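upload.txt follows (compact mmCIF, C-alpha atoms):
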# COMPACT_ATOMS: atom_id res chain seq x y z
CA MET X 1 0.00 0.00 0.00
CA ILE X 2 1.16 3.55 -0.64
CA ASN X 3 2.44 5.48 2.39
CA GLN X 4 1.66 9.12 1.70
CA GLN X 5 3.83 10.59 4.41
CA ASP X 6 6.89 8.69 3.24
CA MET X 7 6.27 9.74 -0.32
CA LEU X 8 5.96 13.39 0.49
CA ASN X 9 8.87 13.62 2.89
CA VAL X 10 11.37 11.08 1.73
CA PRO X 11 11.21 10.44 -1.96
CA GLY X 12 12.37 6.93 -2.75
CA ALA X 13 11.57 5.28 0.59
CA ASN X 14 9.42 2.23 1.11
CA TYR X 15 7.40 1.97 -2.08
CA ILE X 16 7.70 0.55 -5.57
CA SER X 17 9.35 2.40 -8.44
CA ALA X 18 6.22 3.13 -10.53
CA GLU X 19 4.48 4.84 -7.62
CA ARG X 20 7.60 6.81 -6.73
CA ASP X 21 7.97 7.96 -10.34
CA PHE X 22 4.34 8.97 -10.36
CA VAL X 23 4.74 11.15 -7.28
CA VAL X 24 7.79 12.81 -8.84
CA LEU X 25 5.77 13.37 -12.01
CA MET X 26 3.03 15.09 -10.02
CA GLN X 27 5.51 17.25 -8.12
CA GLN X 28 7.17 18.38 -11.35
CA ASN X 29 3.97 19.16 -13.23
CA GLN X 30 1.32 20.20 -10.75
CA GLU X 31 2.14 23.91 -11.01
CA ARG X 32 1.85 24.03 -14.78
CA VAL X 33 -1.30 21.93 -14.91
CA TYR X 34 -2.92 23.92 -12.10
CA ARG X 35 -2.01 27.25 -13.72
CA MET X 36 -3.58 26.27 -17.01
CA ALA X 37 -6.69 24.86 -15.36
CA PHE X 38 -7.07 27.98 -13.22
CA HIS X 39 -6.99 30.40 -16.16
CA LEU X 40 -9.23 28.19 -18.28
CA LEU X 41 -11.87 27.56 -15.63
CA GLY X 42 -11.54 30.81 -13.70
CA ASP X 43 -12.00 29.16 -10.31
CA ALA X 44 -9.34 27.93 -7.86
CA GLU X 45 -11.40 25.06 -6.46
CA GLU X 46 -12.33 23.78 -9.90
CA ALA X 47 -8.72 24.10 -11.01
CA LYS X 48 -7.65 21.93 -8.04
CA ASP X 49 -10.24 19.28 -8.97
CA ALA X 50 -9.20 19.39 -12.60
CA THR X 51 -5.53 18.96 -11.65
CA GLN X 52 -6.34 15.94 -9.47
CA GLU X 53 -8.50 14.44 -12.17
CA THR X 54 -5.68 14.92 -14.68
CA PHE X 55 -3.24 13.02 -12.46
CA ILE X 56 -5.73 10.23 -11.78
CA LYS X 57 -6.23 9.82 -15.53
CA ALA X 58 -2.46 9.83 -15.98
CA TRP X 59 -2.07 7.03 -13.42
CA LYS X 60 -4.77 4.93 -15.04
CA ASN X 61 -3.32 5.44 -18.51
CA SER X 62 0.33 5.29 -17.56
CA GLY X 63 0.91 2.69 -20.26
CA MET X 64 0.29 5.37 -22.88
CA MET X 65 2.69 7.86 -21.36
CA ARG X 66 6.41 7.99 -22.03
CA CYS X 67 8.79 10.00 -19.86
CA GLU X 68 9.89 12.42 -22.55
CA THR X 69 6.32 13.31 -23.50
CA SER X 70 4.71 13.13 -20.06
CA GLN X 71 4.49 16.90 -19.61
CA ALA X 72 2.90 17.52 -23.01
CA TRP X 73 0.59 14.56 -22.47
CA LEU X 74 -0.50 15.87 -19.06
CA LEU X 75 -1.24 19.32 -20.49
CA LYS X 76 -3.23 17.75 -23.29
CA VAL X 77 -5.33 15.77 -20.82
CA ALA X 78 -5.80 18.83 -18.61
CA VAL X 79 -6.85 21.12 -21.49
CA ASN X 80 -9.35 18.66 -22.88
CA LEU X 81 -10.72 17.93 -19.43
CA CYS X 82 -11.25 21.65 -18.74
CA LEU X 83 -12.85 22.25 -22.14
CA ASP X 84 -15.17 19.34 -21.49
CA TRP X 85 -16.16 20.77 -18.12
CA LEU X 86 -16.76 24.20 -19.71
CA ARG X 87 -19.00 22.62 -22.34
CA ARG X 88 -20.98 20.76 -19.69
CA ARG X 89 -21.17 23.89 -17.56
CA LYS X 90 -22.62 25.80 -20.51
CA PHE X 91 -25.05 22.97 -21.29
CA ARG X 92 -26.26 23.00 -17.69
CA GLY X 93 -26.61 26.81 -17.82
CA GLU X 94 -24.00 27.33 -15.14
CA ASP X 95 -22.06 30.07 -16.94
CA ARG X 96 -20.28 32.54 -14.68
CA ASP X 97 -22.22 35.76 -14.13
CA GLU X 98 -19.77 38.19 -15.69
CA SER X 99 -22.12 41.14 -15.44
CA GLN X 100 -21.19 41.45 -11.74
CA ASP X 101 -17.52 41.91 -12.52
CA GLU X 102 -16.37 45.46 -11.88
CA LEU X 103 -13.69 46.97 -13.99
CA PRO X 104 -10.88 48.48 -11.93
CA ASP X 105 -9.50 51.97 -12.26
CA PRO X 106 -8.39 52.26 -15.90
CA SER X 107 -5.98 55.07 -15.17
CA LEU X 108 -3.29 52.56 -14.28
CA ASN X 109 -0.67 51.80 -16.93
CA PRO X 110 -0.94 48.12 -17.89
CA LEU X 111 2.59 48.08 -19.23
CA GLU X 112 4.37 48.43 -15.90
CA GLU X 113 6.48 45.45 -14.94
CA CYS X 114 4.73 44.76 -11.60
CA LEU X 115 1.07 44.71 -12.52
CA ASP X 116 -1.47 45.85 -9.98
CA ASP X 117 -3.74 43.11 -8.67
CA GLU X 118 -6.74 44.83 -10.12
CA ILE X 119 -5.15 44.90 -13.55
CA GLN X 120 -4.40 41.22 -13.19
CA THR X 121 -8.04 40.63 -12.36
CA THR X 122 -9.09 42.73 -15.36
CA VAL X 123 -7.01 40.73 -17.78
CA ARG X 124 -8.08 37.47 -16.15
CA GLU X 125 -11.75 38.39 -16.40
CA ALA X 126 -11.26 39.50 -20.01
CA ILE X 127 -9.83 36.09 -20.86
CA LEU X 128 -12.81 34.41 -19.19
CA LYS X 129 -15.13 36.40 -21.44
CA LEU X 130 -13.60 34.66 -24.48
CA LYS X 131 -15.13 31.55 -25.99
CA PRO X 132 -13.51 28.42 -24.50
CA LYS X 133 -11.75 27.49 -27.73
CA TYR X 134 -10.14 30.95 -28.05
CA ARG X 135 -9.35 30.99 -24.35
CA ALA X 136 -7.52 27.68 -24.54
CA VAL X 137 -5.29 28.63 -27.47
CA ILE X 138 -4.51 32.10 -26.05
CA ILE X 139 -3.46 30.62 -22.68
CA LEU X 140 -1.44 27.83 -24.26
CA ARG X 141 0.32 30.22 -26.62
CA TYR X 142 0.99 33.31 -24.46
CA LEU X 143 0.95 31.97 -20.90
CA GLU X 144 2.52 28.54 -21.45
CA GLY X 145 4.65 29.52 -24.48
CA ILE X 146 3.65 26.47 -26.51
CA SER X 147 4.21 26.42 -30.29
CA TYR X 148 1.43 26.30 -32.89
CA GLN X 149 2.35 22.72 -33.80
CA GLU X 150 2.20 21.50 -30.20
CA ILE X 151 -1.12 23.25 -29.62
CA ALA X 152 -2.49 21.65 -32.77
CA GLU X 153 -1.45 18.19 -31.51
CA MET X 154 -2.91 18.81 -28.07
CA LEU X 155 -6.26 19.94 -29.35
CA ASP X 156 -6.29 17.65 -32.38
CA MET X 157 -6.60 20.54 -34.85
CA ARG X 158 -4.82 21.73 -37.95
CA VAL X 159 -2.06 24.31 -37.43
CA SER X 160 -3.89 26.78 -39.70
CA LYS X 161 -6.97 26.49 -37.49
CA VAL X 162 -4.87 27.11 -34.37
CA LYS X 163 -3.41 30.27 -35.92
CA SER X 164 -6.78 31.63 -37.03
CA ASP X 165 -8.28 30.94 -33.57
CA ILE X 166 -5.33 32.72 -31.92
CA PHE X 167 -5.72 35.78 -34.17
CA ARG X 168 -9.47 35.93 -33.62
CA GLY X 169 -9.04 35.39 -29.86
CA ARG X 170 -6.50 38.20 -29.69
CA ARG X 171 -8.79 40.52 -31.63
CA GLU X 172 -11.68 39.80 -29.26
CA LEU X 173 -9.45 40.22 -26.21
CA LYS X 174 -8.19 43.50 -27.59
CA GLU X 175 -11.77 44.77 -27.94
CA ILE X 176 -12.60 43.70 -24.37
CA LEU X 177 -9.50 45.46 -23.00
CA ARG X 178 -9.78 48.50 -25.29
CA PRO X 179 -11.22 50.82 -22.59
CA PHE X 180 -8.05 50.36 -20.57
CA PHE X 181 -5.73 51.08 -23.40
CA GLU X 182 -7.65 54.11 -24.52
CA VAL X 183 -7.80 55.61 -21.03
CA SER X 184 -4.16 54.92 -20.36
CA ARG X 185 -3.08 56.92 -23.40
CA MET L 1 3.79 47.72 -53.41
CA ARG L 2 0.03 47.85 -52.92
CA LEU L 3 -1.58 50.40 -50.66
CA MET L 4 -3.90 49.23 -47.90
CA ARG L 5 -6.74 50.92 -46.12
CA CYS L 6 -6.95 51.22 -42.31
CA LYS L 7 -9.73 48.67 -42.07
CA THR L 8 -7.64 46.05 -43.87
CA VAL L 9 -4.48 46.86 -41.92
CA LYS L 10 -6.24 46.57 -38.57
CA LYS L 11 -7.48 43.10 -39.50
CA LEU L 12 -3.92 42.01 -40.27
CA LEU L 13 -2.20 43.35 -37.15
CA GLU L 14 -2.44 40.12 -35.14
CA ALA L 15 -0.90 38.11 -37.96
CA TYR L 16 1.71 40.83 -38.48
CA THR L 17 2.82 40.72 -34.83
CA GLU L 18 3.09 36.92 -35.09
CA GLY L 19 5.24 37.17 -38.22
CA GLU L 20 2.68 35.26 -40.25
CA LEU L 21 2.26 37.67 -43.17
CA ASP L 22 3.93 37.13 -46.51
CA LYS L 23 6.57 39.64 -47.56
CA SER L 24 4.37 41.84 -49.78
CA ARG L 25 1.59 42.21 -47.18
CA GLN L 26 4.12 42.78 -44.41
CA GLU L 27 5.70 45.63 -46.40
CA ALA L 28 2.28 47.08 -47.18
CA VAL L 29 1.32 47.04 -43.48
CA GLU L 30 4.62 48.60 -42.44
CA PHE L 31 4.31 51.32 -45.05
CA HIS L 32 0.76 52.13 -43.97
CA ILE L 33 1.70 52.21 -40.27
CA SER L 34 4.55 54.59 -40.99
CA THR L 35 2.02 57.04 -42.40
CA CYS L 36 -1.04 56.45 -40.17
CA GLN L 37 -1.10 57.47 -36.48
CA SER L 38 -4.34 55.63 -35.74
CA CYS L 39 -3.00 52.31 -37.03
CA ARG L 40 0.28 52.85 -35.16
CA GLN L 41 -1.66 53.17 -31.90
CA GLU L 42 -3.69 50.14 -32.82
CA LEU L 43 -0.47 48.21 -33.41
CA GLU L 44 0.80 49.19 -29.97
CA ILE L 45 -2.35 47.80 -28.34
CA THR L 46 -2.06 44.66 -30.45
CA TRP L 47 1.51 44.12 -29.20
CA ASN L 48 0.46 44.63 -25.59
CA VAL L 49 -2.40 42.13 -25.44
CA PRO L 50 -0.27 38.95 -25.50
CA ARG L 51 2.25 40.59 -23.16
CA LEU L 52 -0.51 41.15 -20.61
CA VAL L 53 -1.56 37.53 -20.87
CA GLY L 54 2.03 36.43 -20.37
CA PHE L 55 2.30 38.50 -17.18
CA LEU L 56 -0.74 36.92 -15.55
CA SER L 57 -0.09 35.50 -12.12
CA THR L 58 -1.62 32.37 -10.67
CA PRO L 59 -2.60 31.66 -7.07
CA PRO L 60 -0.25 29.27 -5.25
CA VAL L 61 -0.80 25.60 -5.97
CA PRO L 62 -2.75 24.00 -3.10
CA ASP L 63 -0.61 21.62 -1.04
CA SER L 64 -3.41 19.10 -0.88
CA ILE L 65 -3.40 18.19 -4.57
CA ILE L 66 -0.85 15.37 -4.39
CA PRO L 67 -2.03 13.82 -1.08
CA ASP L 68 -5.67 14.00 -2.20
CA THR L 69 -4.80 12.37 -5.51
CA LEU L 70 -2.92 9.57 -3.78
CA ARG L 71 -5.75 9.06 -1.29
CA CYS L 72 -8.25 8.84 -4.14
CA LEU L 73 -6.11 6.27 -5.93
CA GLN L 74 -5.67 4.27 -2.71
CA GLU L 75 -9.37 4.27 -1.98
CA ASN L 76 -10.22 3.07 -5.46
CA HIS L 77 -7.48 0.46 -5.25
CA GLY L 78 -8.56 -0.59 -1.72
CA ASP L 79 -12.23 -0.82 -2.64
CA ARG L 80 -11.36 -2.99 -5.54
CA GLN L 81 -9.17 -5.23 -3.38
CA LYS L 82 -11.94 -5.54 -0.77
CA TRP L 83 -14.41 -6.63 -3.40
CA ILE L 84 -12.00 -9.10 -4.91
CA ARG L 85 -11.44 -10.83 -1.54
CA SER L 86 -15.08 -10.98 -0.29
CA PRO L 87 -16.62 -14.51 0.13
CA GLY L 88 -19.48 -13.65 -2.19
CA ALA L 89 -17.08 -12.57 -4.88
CA ILE L 90 -14.98 -15.70 -4.46
CA ILE L 91 -18.01 -17.99 -4.80
CA LEU L 92 -19.31 -16.01 -7.74
CA ARG L 93 -15.94 -16.19 -9.43
CA ARG L 94 -15.77 -19.98 -8.95
CA TRP L 95 -19.23 -20.47 -10.40
CA LEU L 96 -18.39 -18.24 -13.33
CA ILE L 97 -15.25 -20.26 -14.03
CA VAL L 98 -17.19 -23.55 -13.91
CA ALA L 99 -19.92 -22.14 -16.16
CA ALA L 100 -17.38 -20.81 -18.63
CA ALA L 101 -15.51 -24.14 -18.72
CA SER L 102 -18.77 -26.07 -19.27
CA LEU L 103 -19.82 -23.80 -22.09
CA LEU L 104 -16.44 -24.17 -23.70
CA LEU L 105 -16.62 -27.98 -23.47
CA VAL L 106 -20.12 -28.13 -24.97
CA PHE L 107 -19.14 -25.75 -27.72
CA THR L 108 -16.02 -27.79 -28.55
CA MET L 109 -17.93 -31.07 -28.71
CA PHE L 110 -20.64 -29.54 -30.85
CA SER L 111 -18.05 -28.07 -33.19
CA ILE L 112 -16.32 -31.43 -33.62
CA GLU L 113 -19.58 -33.21 -34.45
CA TYR L 114 -20.66 -30.51 -36.81
CA TYR L 115 -17.31 -30.70 -38.54
CA LYS L 116 -17.51 -34.43 -39.00
CA VAL L 117 -20.97 -34.28 -40.50
CA HIS L 118 -20.96 -31.19 -42.61
CA LYS L 119 -17.57 -30.06 -43.34
CA LYS L 120 -15.75 -31.39 -46.38
CA PRO L 121 -12.05 -31.74 -46.05
CA GLU L 122 -10.48 -28.73 -47.45
CA ILE L 123 -7.98 -29.24 -50.16
CA SER L 124 -5.33 -26.69 -50.74
CA ALA L 125 -4.58 -25.15 -54.09
CA GLU L 126 -1.16 -26.79 -54.10
CA GLU L 127 -2.68 -30.22 -53.62
CA VAL L 128 -5.12 -29.60 -56.48
CA GLU L 129 -2.32 -28.52 -58.75
CA SER L 130 -0.21 -31.52 -57.79
CA ALA L 131 -3.09 -33.92 -58.46
CA ALA L 132 -3.77 -32.27 -61.81
CA GLU L 133 -0.12 -32.69 -62.76
CA GLU L 134 -0.21 -36.37 -61.87
CA ILE L 135 -3.35 -36.84 -63.91
CA ARG L 136 -1.75 -35.12 -66.87
CA LEU L 137 1.28 -37.38 -66.52
CA ALA L 138 -0.88 -40.49 -66.29
CA MET L 139 -2.85 -39.43 -69.33
CA GLY L 140 0.38 -38.98 -71.22
CA ILE L 141 1.52 -42.43 -70.24
CA VAL L 142 -1.81 -43.85 -71.27
CA ALA L 143 -1.55 -42.11 -74.61
CA VAL L 144 1.94 -43.45 -75.16
CA GLY L 145 0.83 -46.89 -74.10
CA THR L 146 -2.14 -46.79 -76.36
CA ARG L 147 -0.02 -45.83 -79.31
CA HIS L 148 2.40 -48.60 -78.46
CA ILE L 149 -0.35 -51.09 -78.26
CA GLN L 150 -1.82 -49.94 -81.53
CA ARG L 151 1.55 -50.17 -83.21
CA THR L 152 2.19 -53.58 -81.76
CA VAL L 153 -1.15 -54.87 -82.88
CA LEU L 154 -0.58 -53.44 -86.30
CA ILE L 155 2.85 -54.98 -86.56
CA GLU L 156 1.61 -58.35 -85.39
CA GLY L 157 -1.23 -58.11 -87.79
CA VAL L 158 1.07 -57.43 -90.65
CA ARG L 159 3.28 -60.28 -89.62
CA THR L 160 0.34 -62.60 -89.40
CA LEU L 161 -0.85 -61.44 -92.73
CA ASN L 162 2.56 -61.91 -94.22
CA ALA L 163 2.83 -65.28 -92.59
CA ALA L 164 -0.54 -66.18 -93.92
CA LYS L 165 0.42 -64.89 -97.29
CA SER L 166 3.58 -66.93 -97.33
CA VAL L 167 1.60 -69.97 -96.23
CA SER L 168 -0.89 -69.46 -98.95
CA GLU L 169 1.86 -68.88 -101.45
CA ASP L 170 3.50 -72.13 -100.37
CA THR L 171 0.21 -73.92 -100.66
CA ILE L 172 -0.42 -72.54 -104.08
CA GLN L 173 3.01 -73.64 -105.11
CA ALA L 174 2.47 -77.08 -103.63
CA VAL L 175 -0.87 -77.40 -105.38
CA SER L 176 0.70 -76.24 -108.56
CA ASN L 177 3.48 -78.72 -108.20
CA ALA L 178 1.02 -81.46 -107.41
CA ARG L 179 -1.04 -80.57 -110.46
CA LEU L 180 2.07 -80.66 -112.55
CA GLU L 181 3.02 -83.96 -111.13
CA VAL L 182 -0.43 -85.33 -111.69
CA PHE L 183 -0.41 -83.98 -115.22
CA GLU L 184 2.94 -85.55 -115.89
CA LYS L 185 1.80 -88.88 -114.49
CA LEU L 186 -1.31 -88.66 -116.55
CA GLN L 187 0.72 -88.01 -119.63
CA ASP L 188 2.96 -90.95 -118.77
CA SER L 189 -0.07 -93.08 -118.26
CA LEU L 190 -1.55 -92.00 -121.54
CA ALA L 191 1.73 -92.67 -123.24
CA ILE L 192 1.89 -96.17 -121.81
CA LEU L 193 -1.72 -96.79 -122.78
CA GLY L 194 -1.03 -95.63 -126.26
CA GLN L 195 1.91 -98.04 -126.56
CA LEU L 196 -0.21 -100.91 -125.30
CA ASN L 197 -2.92 -100.22 -127.87
CA LEU L 198 -0.37 -100.19 -130.70
CA LYS L 199 1.04 -103.46 -129.55
CA GLU L 200 -2.43 -105.07 -129.51
CA GLU L 201 -3.15 -103.84 -133.01
CA LYS L 202 0.07 -105.31 -134.25
CA GLU L 203 -0.68 -108.65 -132.75
CA LEU L 204 -4.04 -108.71 -134.39

Exercise: express the given structure as structure tokens:
Amino acid sequence: MINQQDMLNVPGANYISAERDFVVLMQQNQERVYRMAFHLLGDAEEAKDATQETFIKAWKNSGMMRCETSQAWLLKVAVNLCLDWLRRRKFRGEDRDESQDELPDPSLNPLEECLDDEIQTTVREAILKLKPKYRAVIILRYLEGISYQEIAEMLDMRVSKVKSDIFRGRRELKEILRPFFEVSR
Amino acid sequence: MRLMRCKTVKKLLEAYTEGELDKSRQEAVEFHISTCQSCRQELEITWNVPRLVGFLSTPPVPDSIIPDTLRCLQENHGDRQKWIRSPGAIILRRWLIVAAASLLLVFTMFSIEYYKVHKKPEISAEEVESAAEEIRLAMGIVAVGTRHIQRTVLIEGVRTLNAAKSVSEDTIQAVSNARLEVFEKLQDSLAILGQLNLKEEKEL
């Protein structure tokens, strides 16, 4: 049986190699998976659930995962899981009520290196206003720094489709954030 | 170089900032931007949008993710082990094994009987070809044999005929000789008779 305390405190003690490797895999990737889930779903609790679900799927399908591709594979699982949840959320009519979101003071300059928390919230909320498919490609491209080709493989799309979704997503995001840019000038 | 309008340039700014425009359109956009303040400002905003996304921060990762994941996996694993070891499951498994073995036995026996009754032995293409070759060979031998027999019969027939011919020729010759001999004897007899008659006439 797996001893959690040993795993967390003393990597390599008292359990079999596959389980040890799995814990190391989770430690190395949880931040990236959580970050992506958080910005896709817009909720910390849901992001935590999505991250756990991703790792559980990884454990169950460990035969399909190879070490050198484990990170990309995990991100792929996480993205598709989050998109699936967003689709089901929309189907159930559980969309987030964005009308209650207040825009912060637009007089702040968004180009400063240390962004104000309210600006962070503004950009975050703007991303959540995008359609899920645009949201996913924007986050993967500009937050995770993933190439067009890798995004296409993750989402099972053509590269040309990825590019056109990124351009359209950026255009929409620009329109949502336009009041800030115009005031800051 | 073609000239572009603001509306067109603004649509191309995202692709331009990604370096996805071909050379002629890139030059057209750059030329237009150099002459249009509004599009220059628009370009600045376009550059800033992905930068803002890249600067987004994320709340700290909850410490409970890994332990909760492990606990969930353990519980699923433990539940499964508990079920596997329960008396009911053991009995059910044994009955299932017996039922599966019985079905397999019945199916095997049925298949064997069915095969014996209905199924013709399958002959491979190679076997068919081999048999055809042997038949062709046998037919050839038969043809040769037949010709041989025909020739032999013919030869024997000719020999018999020749033999018969020679026999008949000999017989004809013998008959001819006998006729000649008879004729000669008859002539001798007639000659003797003639001499006797002359003698009698003289005596008279």

(request) Pick out the closest residue to chain L from this set: X:Lys57, X:Lys76, X:Arg35, X:Arg89. Count only C-alpha atoms. (result)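 Checking each of X:Lys57, X:Lys76, X:Arg35, X:Arg89 against chain L, counting only C-alpha atoms, the winner is X:Arg35.
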
(message) Based on all atoms listed in the file, which of the residues in chain X come within 8 Å of chain L? I want them as a PyMOL selection string.
(response) chain X and resi 1-2+4+23+26-27+30-31+34-35+38-39+44+48+51-53+55-56+110-111+115+120+123-124+139+142-144+167+170-171+173-174+181

Would you export the selected residues with C-alpha atoms as a PDB file, in the coordinates of the input, please?
ATOM      1  CA  MET X   1       0.000   0.000   0.000  1.00  0.00           C
ATOM      2  CA  ILE X   2       1.160   3.550  -0.640  1.00  0.00           C
ATOM      3  CA  GLN X   4       1.660   9.120   1.700  1.00  0.00           C
ATOM      4  CA  VAL X  23       4.740  11.150  -7.280  1.00  0.00           C
ATOM      5  CA  MET X  26       3.030  15.090 -10.020  1.00  0.00           C
ATOM      6  CA  GLN X  27       5.510  17.250  -8.120  1.00  0.00           C
ATOM      7  CA  GLN X  30       1.320  20.200 -10.750  1.00  0.00           C
ATOM      8  CA  GLU X  31       2.140  23.910 -11.010  1.00  0.00           C
ATOM      9  CA  TYR X  34      -2.920  23.920 -12.100  1.00  0.00           C
ATOM     10  CA  ARG X  35      -2.010  27.250 -13.720  1.00  0.00           C
ATOM     11  CA  PHE X  38      -7.070  27.980 -13.220  1.00  0.00           C
ATOM     12  CA  HIS X  39      -6.990  30.400 -16.160  1.00  0.00           C
ATOM     13  CA  ALA X  44      -9.340  27.930  -7.860  1.00  0.00           C
ATOM     14  CA  LYS X  48      -7.650  21.930  -8.040  1.00  0.00           C
ATOM     15  CA  THR X  51      -5.530  18.960 -11.650  1.00  0.00           C
ATOM     16  CA  GLN X  52      -6.340  15.940  -9.470  1.00  0.00           C
ATOM     17  CA  GLU X  53      -8.500  14.440 -12.170  1.00  0.00           C
ATOM     18  CA  PHE X  55      -3.240  13.020 -12.460  1.00  0.00           C
ATOM     19  CA  ILE X  56      -5.730  10.230 -11.780  1.00  0.00           C
ATOM     20  CA  PRO X 110      -0.940  48.120 -17.890  1.00  0.00           C
ATOM     21  CA  LEU X 111       2.590  48.080 -19.230  1.00  0.00           C
ATOM     22  CA  LEU X 115       1.070  44.710 -12.520  1.00  0.00           C
ATOM     23  CA  GLN X 120      -4.400  41.220 -13.190  1.00  0.00           C
ATOM     24  CA  VAL X 123      -7.010  40.730 -17.780  1.00  0.00           C
ATOM     25  CA  ARG X 124      -8.080  37.470 -16.150  1.00  0.00           C
ATOM     26  CA  ILE X 139      -3.460  30.620 -22.680  1.00  0.00           C
ATOM     27  CA  TYR X 142       0.990  33.310 -24.460  1.00  0.00           C
ATOM     28  CA  LEU X 143       0.950  31.970 -20.900  1.00  0.00           C
ATOM     29  CA  GLU X 144       2.520  28.540 -21.450  1.00  0.00           C
ATOM     30  CA  PHE X 167      -5.720  35.780 -34.170  1.00  0.00           C
ATOM     31  CA  ARG X 170      -6.500  38.200 -29.690  1.00  0.00           C
ATOM     32  CA  ARG X 171      -8.790  40.520 -31.630  1.00  0.00           C
ATOM     33  CA  LEU X 173      -9.450  40.220 -26.210  1.00  0.00           C
ATOM     34  CA  LYS X 174      -8.190  43.500 -27.590  1.00  0.00           C
ATOM     35  CA  PHE X 181      -5.730  51.080 -23.400  1.00  0.00           C
TER      36      PHE X 181
END

(message) Using Å and a single decimal, report how far CA of Glu184 in chain L sits from CA of Ser168 in chain L.
(response)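 Atom-to-atom, CA of Ser168 in chain L and CA of Glu184 in chain L are spaced 23.7 Å apart.
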
(request) Could you tell me how far CA of Leu140 in chain X lies from CA of Arg40 in chain L, in Å and to one decimal? (result) 27.3 Å

Can you complete the atoms of range 25-30 of chain L to all heavy atoms and list them as a PDB file, keeping the file's coordinate frame?
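As a result, rebuild22.pdb now contains:
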ATOM      1  N   ARG L  25       2.585  41.646 -48.112  1.00  0.00           N
ATOM      2  CA  ARG L  25       1.590  42.210 -47.180  1.00  0.00           C
ATOM      3  C   ARG L  25       2.286  42.830 -45.972  1.00  0.00           C
ATOM      4  O   ARG L  25       1.831  43.853 -45.443  1.00  0.00           O
ATOM      5  CB  ARG L  25       0.611  41.125 -46.739  1.00  0.00           C
ATOM      6  CG  ARG L  25      -0.323  40.710 -47.864  1.00  0.00           C
ATOM      7  CD  ARG L  25      -1.647  40.189 -47.374  1.00  0.00           C
ATOM      8  NE  ARG L  25      -1.528  38.885 -46.768  1.00  0.00           N
ATOM      9  CZ  ARG L  25      -2.551  38.200 -46.277  1.00  0.00           C
ATOM     10  NH1 ARG L  25      -3.766  38.696 -46.315  1.00  0.00           N
ATOM     11  NH2 ARG L  25      -2.373  37.028 -45.738  1.00  0.00           N
ATOM     12  N   GLN L  26       3.370  42.233 -45.541  1.00  0.00           N
ATOM     13  CA  GLN L  26       4.120  42.780 -44.410  1.00  0.00           C
ATOM     14  C   GLN L  26       4.629  44.190 -44.774  1.00  0.00           C
ATOM     15  O   GLN L  26       4.508  45.135 -43.983  1.00  0.00           O
ATOM     16  CB  GLN L  26       5.292  41.859 -44.085  1.00  0.00           C
ATOM     17  CG  GLN L  26       6.078  42.275 -42.862  1.00  0.00           C
ATOM     18  CD  GLN L  26       7.272  41.367 -42.618  1.00  0.00           C
ATOM     19  OE1 GLN L  26       7.257  40.185 -42.954  1.00  0.00           O
ATOM     20  NE2 GLN L  26       8.321  41.926 -42.058  1.00  0.00           N
ATOM     21  N   GLU L  27       5.193  44.320 -45.970  1.00  0.00           N
ATOM     22  CA  GLU L  27       5.700  45.630 -46.400  1.00  0.00           C
ATOM     23  C   GLU L  27       4.571  46.642 -46.524  1.00  0.00           C
ATOM     24  O   GLU L  27       4.733  47.817 -46.142  1.00  0.00           O
ATOM     25  CB  GLU L  27       6.420  45.483 -47.747  1.00  0.00           C
ATOM     26  CG  GLU L  27       7.799  44.869 -47.617  1.00  0.00           C
ATOM     27  CD  GLU L  27       8.425  44.563 -48.961  1.00  0.00           C
ATOM     28  OE1 GLU L  27       7.766  44.774 -50.019  1.00  0.00           O
ATOM     29  OE2 GLU L  27       9.585  44.093 -48.965  1.00  0.00           O
ATOM     30  N   ALA L  28       3.426  46.173 -47.025  1.00  0.00           N
ATOM     31  CA  ALA L  28       2.280  47.080 -47.180  1.00  0.00           C
ATOM     32  C   ALA L  28       1.794  47.580 -45.820  1.00  0.00           C
ATOM     33  O   ALA L  28       1.486  48.769 -45.650  1.00  0.00           O
ATOM     34  CB  ALA L  28       1.148  46.363 -47.922  1.00  0.00           C
ATOM     35  N   VAL L  29       1.758  46.659 -44.838  1.00  0.00           N
ATOM     36  CA  VAL L  29       1.320  47.040 -43.480  1.00  0.00           C
ATOM     37  C   VAL L  29       2.319  48.039 -42.880  1.00  0.00           C
ATOM     38  O   VAL L  29       1.930  49.072 -42.310  1.00  0.00           O
ATOM     39  CB  VAL L  29       1.182  45.788 -42.589  1.00  0.00           C
ATOM     40  CG1 VAL L  29       1.074  46.162 -41.115  1.00  0.00           C
ATOM     41  CG2 VAL L  29      -0.018  44.959 -42.994  1.00  0.00           C
ATOM     42  N   GLU L  30       3.591  47.728 -43.027  1.00  0.00           N
ATOM     43  CA  GLU L  30       4.620  48.600 -42.440  1.00  0.00           C
ATOM     44  C   GLU L  30       4.595  49.990 -43.075  1.00  0.00           C
ATOM     45  O   GLU L  30       4.745  51.013 -42.396  1.00  0.00           O
ATOM     46  CB  GLU L  30       5.998  47.953 -42.605  1.00  0.00           C
ATOM     47  CG  GLU L  30       6.215  46.813 -41.611  1.00  0.00           C
ATOM     48  CD  GLU L  30       7.454  45.987 -41.897  1.00  0.00           C
ATOM     49  OE1 GLU L  30       8.087  46.196 -42.970  1.00  0.00           O
ATOM     50  OE2 GLU L  30       7.786  45.122 -41.070  1.00  0.00           O
TER      51      GLU L  30
END
